[in-house]
Each structure stands twice: as C-alpha cells, then as structure tokens.
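Engineer: A single structure is presented below for examination.
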Amino acid sequence: MAAAAASERDYSLTGPASRRAVEIGLASAQWYHSDVPRNKMKELMKRTDGPAIRDTVIWLGSMAVLAAIAVWLWPSLWAMPFFLAYGVLYGSATDSRWHECGHGTAFRTRWMNDSVYQIASFMIMRNPVTWRWSHTRHHTDTIIVGRDPEIVLMRPPDLLRVGLNFFGLVDAWAAMKAMLVNAAGRLADEEKSYVPEKERAKAIGIARIWLTTYVATIIAAIWLGSVLPLILIGLPRLYGAWHHVMTGLLQHGGLAEDVTDHRLNSRTVHMNPVSRFIYWNMNYHVEHHMFPMVPYHALPRLHELIRHDLPTANPSILDAYREMWPAIKRQLRYENHFLKRELPPTARPYKAEFHECAPPGIAAA
Amino acid sequence: MANWVKACAADDIATEDLIRFDHEGRSFAIYRSPDDEYFATDGLCTHEQVHLEDGLVMDYIIECPMHNGRFDYRTGEAKGAPACVNLKTYPVKVEDGGVFIEIG
C-alpha cells in the first residue's frame with residue numbers, strides 16, 4: 001500500500017497552519033445551517049431515555065451472551081464467529097456510543113449518558129476527558145487544517161496507516177502511549193492545545209484507572225495461563241475495529257478541507273439496519289454536524305426535513321466507497337484534489353451571500 | 001438606579017423555551033421555565049461565544065447548540081462540559097404581559 005509522501009500541508013495543531021486558520025477566520029467560524037423552524041427543531045432535539053436504553057440493553061446484552069458462548073466453546077475454532085461478533089460490539093459499536101454519549105444526546109438522564117460514555121471510552125481506548133475536548137474542537141473547526149485534531153484522512157492519504165487501522169493497530173498503539181503518558185501525570189502538547197488546564201487532572205486520573213485495569217487483565221491472563229482475559233478485554237479493540245473504521249472513513253473522506261459548510265466536508269450515507277445499529281445513525285453525518293443537538297434516533301427525521309438542501313446521500317456503503325476511493329487515490333499524487341459535493345437545485349448555494357450581494361447590473365449566480 | 005428594559009411579551013416565549021433579545025450591542029437569552037417563570041442570562045455560551053438562541057431548553061437547563069455545553073439558566077451555573085464558566089444572569093420581572101430584564 002502507498003505510504004504518505006511529503007505534504008505541503010501541516011495538520012499539526014501547534015504549527016503555522018493553525019495560526020493561519022485563526023488569522024483568516026476559519027477558526028471558530030460561522031457555519032452554514034439549513035433552515036429548520038424552531039418548533040420542528042425543538043421536536044427533533046427532544047431528549048428521551050427509551051431508545052438508548054433499549055439499544056444499550058441489546059448492545060451490552062449481546063456482548064454478554066456472545067462472550068459467554070465464545071468462552072464456553074473456547075478453545076474450539078467454533079468460538080471464532082462469536083468472538084468476531086463480540087469484537088465488533090466492543091471495538092466498533094463503542095465508537096458511536098462514545099460519540100453520542102459524549103455529546104450528551106443519547107439519553108435524557110445525565111448519569112446514563114455519563115455511564116455509557118465511560119464504558120464506551122474504555123473499550124474504544126479514548127480518554128473520556130481528552131477526547132471530549134478534541135471532539136469539541138472537531139465540531140468547532142471541522143476539517144480545518146491545523147485546527148481539527150480528528151482529521152482521519154489527511155492529504156496525501158497514508159493508506160498504510162488506514163489499512164493497519166482496520167485492525168486497530170495504529171489507534172490502539174497511540175492510545176496505549178497516550179495512556180502511559182497521561183498516567184505518568186502529563187499531557188502531550190497537542191492535547192494541551194485543546195484541553196483546559198482544570199480538566200487535565202481528570203484525564204490523568206482516568207488514565208491511571210485504565211492502566212490498573214489493563215495490568216490486572218494481563219495478570220489474570222498469566223495466572224490463568226490463557227490469553228482469554230485479553231481476548232475479552234483490550235484485544236477486541238483490534239479485531240473488532242474494522243466496522244467503525246469502514247464507516248468512519250466515509251464521514252469526511254475525500255471531501256473539502258478549510259470550508260465552513262458541512263454540506264461540502266461531510267457525507268451522509270444510507271446504510272443497512274445492522275450497520276446503523278452499530279453506528280447509531282452517524283451515517284447521517286452532514287445532519288449531525290449541522291445540528292449536533294439532535295439525538296441519534298431523530299437524525300433520520302432531520303434528514304427527511306432538510307434533504308432538499310443537502311447533497312444527495314450516497315445510497316449505500318459500497319456506493320460511497322466507489323465515490324471516495326478514486327478521490328483518495330488521486331490525492332496520493334495531487335493533494336489539492338477533493339470531491340466537490342454537488343448541491344441540488346433546491347439547495348441554498350454554498351456561500352449564498354456572495355451570490356445574493358451581486359453589484360447592480362450583474363445578475364446573481 | 002435599576003435599569004429595567006422590556007425584552008418581549010410574555011407570550012412571545014413558549015413554555016420550556018427561550019428567545020434572543022439584543023439591546024444596545026449586547027445580547028441576552030430570555031427563558032420561560034416549565035412552571036412559567038422567566039429568567040435571563042447573557043446570550044452567548046461562555047465556552048466559544050455561540051449564541052444560545054438555537055439551544056435546547058430541558059427543564060431548567062439550557063444546552064448550547066454547538067457543543068452541548070450546559071447551564072442552569074436560573075443561576076447561570078455551568079453544569080456540563082465544555083461549558084466551564086458560569087453565565088451571567090439578570091433579574092427579570094413580568095408586568096402587564098411584558099418581560100423586563102434589569103440590565104446594569
């Protein structure tokens with residue numbers, strides 16, 4: 001697979017691109033929002049516990065059942081399919097639970113959001129404090145070079161890194177390193193750029209709890225003379241990662257950078273119901289970025305309400321990859337290349353104000 | 001001396017909702033609680049200065065539309081990250097169907 005070539009882009013959060021983004025007004029900018037009447041938006045934003053309680057019972061219950069069957073069948077190869085399914089619920093479904101509960105939108109009840117957030121954060125190996133703040137920055141400055149710490153497909157794309165991450169190898173390695181650094185009482189410079197000082201002690205405390213948990217798991221494995229404890233805790237982040245990577249790359253992959261309209265830098269993809277359960281409707285990604293207040297279970301309704309103002313959603317994961325992959329390959333040679341999302345005639349044009357303010361005698365575009 | 005300014009009519013705000021009120025270069029958020037009491041805070045979230053007018057009011061909490069930071073609008077207290085700094089609040093009175101806020 002192709003590795004990254006030298007880039008003219010600097011994605012570092014502490015480098016010149018970051019300063020430039022602030023200087024030219026890309027940082028903390030005003031973003032485009034589709035028009036939604038306030039009464040409709042209130043209905044969509046409304047919080048309720050029911051859907052998330054149901055889904056959490058299914059998710060954790062399935063994990064318990066799958067793990068029990070897999071352990072019972074172990075060390076027979078018949079255990080494999082059960083472990084693989086368990087792995088997806090551990091290493092992929094946790095990505096969406098971390099995300100939604102980090103926003104606080106999954107449940108109406110605060111402690112439920114916080115509990116699922118902590119559980120999911122542990123499994124997906126994202127410090128719940130540092131990643132909350134990094135995700136906040138991602139929403140403020142989505143795919144703004146030098147500002148967004150969560151740009152997965154940088155240019156030119158590092159396909160080796162992407163390939164390894166389908167098995168969680170890059171992310172888990174980075175997570176373990178970060179955990180050890182945090183547990184030692186420090187934060188990396190980039191983390192410090194978006195985590196306020198008074199939150200850092202919490203990040204350190206969490207890292208120490210996690211480290212203790214992993215050490216205990218390793219001791220259990222040694223004591224039992226079996227790799228099973230690690231196959232249940234920790235390793236699923238690797239063998240179960242593929243689904244969240246597959247869906248996550250589509251969120252912004254191949255699309256515009258340094259724009260302040262989510263219709264141009266985010267992608268909505270219709271998906272099958274199993275993937276949508278694992279992904280908790282984050283396939284409605286334009287809608288989510290435009291209105292992060294709307295809980296996952298209301299995103300399909302939001303989509304129906306504003307689809308006239310958005311680029312046409314990709315009809316499937318396969319279709320989205322067929323669209324994205326050529327753009328990614330082209331970026332290997334031409335890193336300024338990106339897919340321009342075409343807006344339908346019913347949509348407000350990108351940067352409509354430039355069209356509406358045409359000088360006298362010149363027709364607006 | 002108290003400077004009471006009329007922000008809106010009481011019925012301009014739906015129950016468990018808010019509206020934006022701008023006055024002399026400053027912006028405020030006026031709330032109507034589930035039990036029909038009125039409150040007022042600064043209109044901009046203390047996290048990144050996003051206006052709260054499109055936010056979600058749930059019981060006595062206002063949630064910022066950008067990053068879901070939360071405040072108790074009765075006291076201004078920041079209740080959920082990334083909101084860490086409290087909102088300034090203002091006294092409110094309702095007279096003759098109008099909502100007045102005291103702007104110092």
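Chains: A, B, ... in order of the structure tokens. Residues: from 1 per chain. Ligands: from 1, in order shown.
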As a list in words, please: the residues near segment 90-101 of chain A (cut-off 7 Å, only C-alpha atoms, same-chain neighbours under 4 positions excluded).

Structural biologist: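 Once the adjacent positions are removed, what remains is Tyr86, Thr105, Ala106, Asn113, Asp114, Val116, Tyr117, Ala120, Ser121, Met123, Ile124, Pro236, Arg237, Leu238, Gly240, Ala241, His243, His244, Ile278, Tyr279 and Trp280 of chain A.
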
Engineer: Using only C-alpha atoms, determine which residues lie at most 9 Å from segment 70-72 of chain B, disregarding the query and same-chain residues fewer than 4 positions distant; provide the list as a CSV table (one decimal) with N, CA and C atoms, in the first residue's frame.

Structural biologist:
chain,number,residue,atom,x,y,z
B,45,CYS,N,-22.8,31.6,24.8
B,45,CYS,CA,-22.2,30.5,25.6
B,45,CYS,C,-20.8,30.9,26.0
B,60,TYR,N,-34.7,23.1,33.6
B,60,TYR,CA,-34.0,24.3,34.0
B,60,TYR,C,-32.6,24.4,33.3
B,61,ILE,N,-32.4,23.6,32.3
B,61,ILE,CA,-31.1,23.6,31.7
B,61,ILE,C,-31.2,24.1,30.3
B,62,ILE,N,-30.2,25.0,29.9
B,62,ILE,CA,-30.0,25.4,28.5
B,62,ILE,C,-28.8,24.7,28.0
B,63,GLU,N,-28.9,24.1,26.9
B,63,GLU,CA,-27.8,23.4,26.3
B,63,GLU,C,-27.4,24.1,25.0
B,64,CYS,N,-26.1,24.4,24.9
B,64,CYS,CA,-25.6,25.2,23.8
B,64,CYS,C,-25.8,24.3,22.5
B,76,GLY,N,-27.2,30.5,36.2
B,76,GLY,CA,-26.1,30.7,35.3
B,76,GLY,C,-25.0,29.6,35.5
B,77,GLU,N,-25.2,28.7,36.4
B,77,GLU,CA,-24.1,27.8,36.7
B,77,GLU,C,-23.9,26.8,35.6
B,78,ALA,N,-22.6,26.7,35.2
B,78,ALA,CA,-22.2,25.7,34.2
B,78,ALA,C,-22.4,24.3,34.8
B,79,LYS,N,-23.1,23.5,34.0
B,79,LYS,CA,-23.4,22.2,34.5
B,79,LYS,C,-22.8,21.0,33.7
B,80,GLY,N,-22.3,21.3,32.6
B,80,GLY,CA,-21.7,20.3,31.8
B,80,GLY,C,-20.7,20.8,30.8
B,81,ALA,N,-19.6,20.0,30.7
B,81,ALA,CA,-18.5,20.4,29.7
B,81,ALA,C,-19.1,20.3,28.3
B,82,PRO,N,-18.5,21.2,27.4
B,82,PRO,CA,-17.4,22.0,27.6
B,82,PRO,C,-17.6,23.4,28.3
B,83,ALA,N,-18.8,23.6,28.8
B,83,ALA,CA,-19.1,24.8,29.5
B,83,ALA,C,-18.5,24.7,30.9
B,84,CYS,N,-17.6,25.6,31.2
B,84,CYS,CA,-16.9,25.6,32.5
B,84,CYS,C,-17.1,26.9,33.3
B,86,ASN,N,-19.5,30.1,34.4
B,86,ASN,CA,-20.9,30.4,34.5
B,86,ASN,C,-21.4,31.5,33.6
B,87,LEU,N,-22.7,31.4,33.3
B,87,LEU,CA,-23.3,32.5,32.5
B,87,LEU,C,-23.7,33.6,33.5

Engineer: Taking 3 positions as the minimum chain separation for residues in the same chain, which residues sit within 10 Å of segment 91-98 of chain B when counting only C-alpha atoms? Answer as a count of residues only.

Structural biologist: 21

Engineer: Please check the contacts: residues of chain A at most 8 Å away from chain B, using only C-alpha atoms, listed as a ChimeraX atom specification.

Structural biologist: /A:28,38,42,45-46,103-104,133,136,139-140,291-293

Engineer: What does the file look like for those residues with C-alpha atoms, as a PDB file, in the first residue's frame?

Structural biologist:
ATOM      1  CA  SER A  28     -14.441  29.293  15.350  1.00  0.00           C
ATOM      2  CA  ARG A  38     -37.869  26.400  15.729  1.00  0.00           C
ATOM      3  CA  LYS A  42     -37.478  21.501  19.311  1.00  0.00           C
ATOM      4  CA  MET A  45     -33.859  17.892  19.750  1.00  0.00           C
ATOM      5  CA  LYS A  46     -36.191  16.457  22.387  1.00  0.00           C
ATOM      6  CA  HIS A 103     -22.440  14.829  23.138  1.00  0.00           C
ATOM      7  CA  GLY A 104     -24.874  14.039  25.926  1.00  0.00           C
ATOM      8  CA  TRP A 133     -12.285  18.222  24.216  1.00  0.00           C
ATOM      9  CA  THR A 136     -15.425  19.664  20.742  1.00  0.00           C
ATOM     10  CA  HIS A 139     -17.165  20.347  15.817  1.00  0.00           C
ATOM     11  CA  THR A 140     -15.929  23.908  16.095  1.00  0.00           C
ATOM     12  CA  PHE A 291     -27.293  20.114  14.242  1.00  0.00           C
ATOM     13  CA  PRO A 292     -25.309  18.256  16.924  1.00  0.00           C
ATOM     14  CA  MET A 293     -28.179  18.848  19.323  1.00  0.00           C
TER      15      MET A 293
END

Engineer: So what do you get for atom CA of Pro229 of chain A versus atom CA of Ala172 of chain A, distance-wise?

Structural biologist: 17.4 Å

Engineer: Got a sec to tell me which of chain B DSSP assigns to helix (DSSP H, G or I), as a ChimeraX atom specification?

Structural biologist: /B:10-12,52-54

Engineer: Output N, CA and C atoms for every residue in the selection just made, as a PDB file, in the first residue's frame.

Structural biologist:
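And here's out.pdb as it stands now:
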ATOM      1  N   ALA B  10     -44.670  38.351  27.261  1.00  0.00           N
ATOM      2  CA  ALA B  10     -44.540  37.064  27.957  1.00  0.00           C
ATOM      3  C   ALA B  10     -44.901  35.901  27.052  1.00  0.00           C
ATOM      4  N   ASP B  11     -45.880  36.129  26.194  1.00  0.00           N
ATOM      5  CA  ASP B  11     -46.322  35.036  25.324  1.00  0.00           C
ATOM      6  C   ASP B  11     -45.439  34.842  24.103  1.00  0.00           C
ATOM      7  N   ASP B  12     -44.436  35.692  23.960  1.00  0.00           N
ATOM      8  CA  ASP B  12     -43.508  35.518  22.838  1.00  0.00           C
ATOM      9  C   ASP B  12     -42.639  34.278  23.027  1.00  0.00           C
ATOM     10  N   LEU B  52     -26.955  31.156  22.316  1.00  0.00           N
ATOM     11  CA  LEU B  52     -27.768  30.080  22.871  1.00  0.00           C
ATOM     12  C   LEU B  52     -29.171  30.026  22.287  1.00  0.00           C
ATOM     13  N   GLU B  53     -29.524  30.953  21.409  1.00  0.00           N
ATOM     14  CA  GLU B  53     -30.913  31.065  20.932  1.00  0.00           C
ATOM     15  C   GLU B  53     -31.411  29.796  20.235  1.00  0.00           C
ATOM     16  N   ASP B  54     -30.500  29.044  19.623  1.00  0.00           N
ATOM     17  CA  ASP B  54     -30.915  27.806  18.961  1.00  0.00           C
ATOM     18  C   ASP B  54     -30.727  26.593  19.859  1.00  0.00           C
TER      19      ASP B  54
END

Engineer: From the list A:Leu187, A:Leu159, A:Ile231, A:Ile69, which residue is nearest Ile204 of chain A when using only C-alpha atoms?

Structural biologist: A:Leu187

Engineer: Tell me, in Å to one decimal, how far atom CA of Asp59 of chain B is from atom CA of Thr48 of chain A.

Structural biologist: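 According to the coordinates, atom CA of Asp59 of chain B and atom CA of Thr48 of chain A are separated by 12.9 Å.
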
Engineer: For Val286 of chain A, please output as a VMD selection string all residues within 7 Å (counting only C-alpha atoms; exclusion window: fewer than 2 positions along the same chain).

Structural biologist: chain A and resid 262 to 263 266 to 268 284 288 to 290

Engineer: Those residues you just picked out, can you put them in a file as a CSV table (one decimal), in the first residue's frame with N, CA and C atoms?

Structural biologist:
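As written to disk, selection-v1.csv reads:
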chain,number,residue,atom,x,y,z
A,262,HIS,N,-20.8,22.3,6.2
A,262,HIS,CA,-20.7,20.9,6.4
A,262,HIS,C,-21.2,20.1,5.2
A,263,ARG,N,-22.0,20.7,4.3
A,263,ARG,CA,-22.5,20.0,3.2
A,263,ARG,C,-21.4,19.7,2.2
A,266,SER,N,-18.7,16.9,4.7
A,266,SER,CA,-19.2,15.8,5.4
A,266,SER,C,-20.1,15.0,4.4
A,267,ARG,N,-20.3,13.7,4.8
A,267,ARG,CA,-21.1,12.9,3.9
A,267,ARG,C,-22.2,12.1,4.6
A,268,THR,N,-23.4,12.1,4.0
A,268,THR,CA,-24.4,11.2,4.6
A,268,THR,C,-24.6,10.0,3.7
A,284,TYR,N,-25.8,9.6,9.1
A,284,TYR,CA,-26.4,10.9,8.8
A,284,TYR,C,-25.4,12.0,9.3
A,288,HIS,N,-25.7,15.5,11.4
A,288,HIS,CA,-25.2,15.6,12.8
A,288,HIS,C,-24.3,16.8,13.0
A,289,HIS,N,-23.4,17.1,12.0
A,289,HIS,CA,-22.6,18.2,12.2
A,289,HIS,C,-23.3,19.5,12.1
A,290,MET,N,-24.3,19.6,11.3
A,290,MET,CA,-25.1,20.8,11.2
A,290,MET,C,-25.9,21.1,12.5

Engineer: May I ask which of the residues A:Arg137, A:Arg161, A:Arg341, A:Arg208 is the closest one to Leu264 of chain A, counting only C-alpha atoms?

Structural biologist: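 Closest candidate: A:Arg341.
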
Engineer: Can you tell me, as a list in words, what residues are no more than 9 Å from Ile306 of chain A when counting only C-alpha atoms, ignoring any on the same chain fewer than 6 positions away?

Structural biologist: Ser34, Asp35, Val36 and Glu287 of chain A

Engineer: Calculate how many Å separate atom CA of Leu343 of chain A from atom CA of Met41 of chain A, rounding to one decimal.

Structural biologist: 22.6 Å
